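What follows is a short report on a single structure.
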Amino acid sequence: MTKRQLYELESADGTRFSPYCWRIKLALAHKNLSYESVPWHFTDKEAIAFSGQSKVPVLVDGGIVVADSQVIAEYLEAAYPNEASLFNDSTSRGLIHFVKSWTESVLHPAIAPIVLPDTLPRLTQEDQVYFRRTREAYYQHSIEEFATRREAALFGFSAALTPLRGMLKVQKFISGTAPAYADHIVFGALKWAVQMSSTPLLQADDDAIAVWMASVLATYDL
């Protein structure tokens, strides 16, 4: 059994859908590091209490416990310097800071109104109670209100993708000729979106973003 374990958010039907966990799944693949995936649910707080955190991802690497996707990525880069770099160079690190900020401040808020109503029924009963309470408190809207605004949310999501789509029409990956951590960050967000939305979100198989997502997975043989 591998010494590494990655605790990942899971729905009742077995879908691993956390955008932050996807970042680390791709980072581990990028570093060619094997791991055991450990399913985790929102209400399984005790299962990761050893990490000092209440959220995933949590990576256990031998006797080392690391939480938070960015901290895990930095750990992997430092702990495994002989494997392919996640960040490449100082210029790429600057790009990553921007991509992370854009993803979390623009892309995630565009995705959430679409997937919140679709996510709720796919969770365990215990997680449904937790999910409704925490999300409605955070967004100050009921899950049902989000469902009634779906058309507007879909339009906003499509608009948010405009700069990404434009970039991917002129280069294969966000990081250039091959994927790296900037790609992992954005891929995680969009994988969350397409996994959990009941409405198809990308235009077609030949859409620049769909092609890029397929290329990322193919690069890592996932």
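FYI, nothing fancy with the structure tokens labels: chains A, B, ... in order, residues from 1 per chain, ligands from 1 as they appear.
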Contacts of segment 185-189 of chain A at 12 Å (only C-alpha atoms; same-chain gap of 5+ positions) as a PyMOL selection string: chain A and resi 16-27+69-70+73+86-87+95-112+115+157+161+164-165+173-175+179-180+194-196+209-217
Distance query Phe146 of chain A at most 8 Å, only C-alpha atoms, self and fewer than 4 positions along chain excluded, as a VMD selection string: chain A and resid 113 to 114 116 to 117 141 to 142 150
Backbone-only DSSP, alpha helix (DSSP H) members of segment 28-222 of chain A, as number ranges by chain: A: 28-30, 69-79, 90-102, 108-119, 125-139, 143-148, 150-160, 162-168, 181-196, 208-219
Expected answer as a ChimeraX atom specification: strand (DSSP E) residues in chain A: /A:4-9,36-40,58-61,64-67
Emit the selected residues as an mmCIF file, in the first residue's frame, including C-alpha atoms.
data_model
loop_
_atom_site.group_PDB
_atom_site.id
_atom_site.type_symbol
_atom_site.label_atom_id
_atom_site.label_comp_id
_atom_site.auth_asym_id
_atom_site.auth_seq_id
_atom_site.Cartn_x
_atom_site.Cartn_y
_atom_site.Cartn_z
ATOM 1 C CA ARG A 4 0.432 8.612 0.637
ATOM 2 C CA GLN A 5 -3.234 9.251 1.278
ATOM 3 C CA LEU A 6 -5.347 12.055 -0.141
ATOM 4 C CA TYR A 7 -8.633 12.790 1.620
ATOM 5 C CA GLU A 8 -11.152 13.885 -1.025
ATOM 6 C CA LEU A 9 -14.679 15.243 -0.862
ATOM 7 C CA GLU A 36 -4.497 6.217 -2.005
ATOM 8 C CA SER A 37 -7.692 8.232 -2.368
ATOM 9 C CA VAL A 38 -9.708 8.378 0.867
ATOM 10 C CA PRO A 39 -13.369 9.429 0.475
ATOM 11 C CA TRP A 40 -14.582 12.120 2.838
ATOM 12 C CA VAL A 58 -5.659 16.698 3.388
ATOM 13 C CA LEU A 59 -2.519 14.877 2.266
ATOM 14 C CA VAL A 60 -0.793 12.302 4.451
ATOM 15 C CA ASP A 61 2.703 11.617 3.137
ATOM 16 C CA ILE A 64 3.781 14.250 7.329
ATOM 17 C CA VAL A 65 0.277 15.756 7.278
ATOM 18 C CA VAL A 66 -0.415 18.723 5.025
ATOM 19 C CA ALA A 67 -3.722 20.556 4.521
#
From A:Leu222, A:Leu168, A:Val56, A:Lys31, residue lying nearest Val71 of chain A [only C-alpha atoms]: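 Result for the nearest residue to Val71 of chain A: A:Val56.
Note that atom CA of Tyr35 of chain A and atom CA of Ala178 of chain A are 22.8 Å apart.
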Arg132 of chain A environment, 8 Å, only C-alpha atoms, sequence neighbours closer than 4 positions dropped, as a count of residues only: 5
Of the listed residues A:Leu76, A:Ala147, A:Val129, A:Ala137, that which approaches Asn32 of chain A most closely, counting only C-alpha atoms: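 Comparing A:Leu76, A:Ala147, A:Val129, A:Ala137 against Asn32 of chain A, the winner is A:Leu76.
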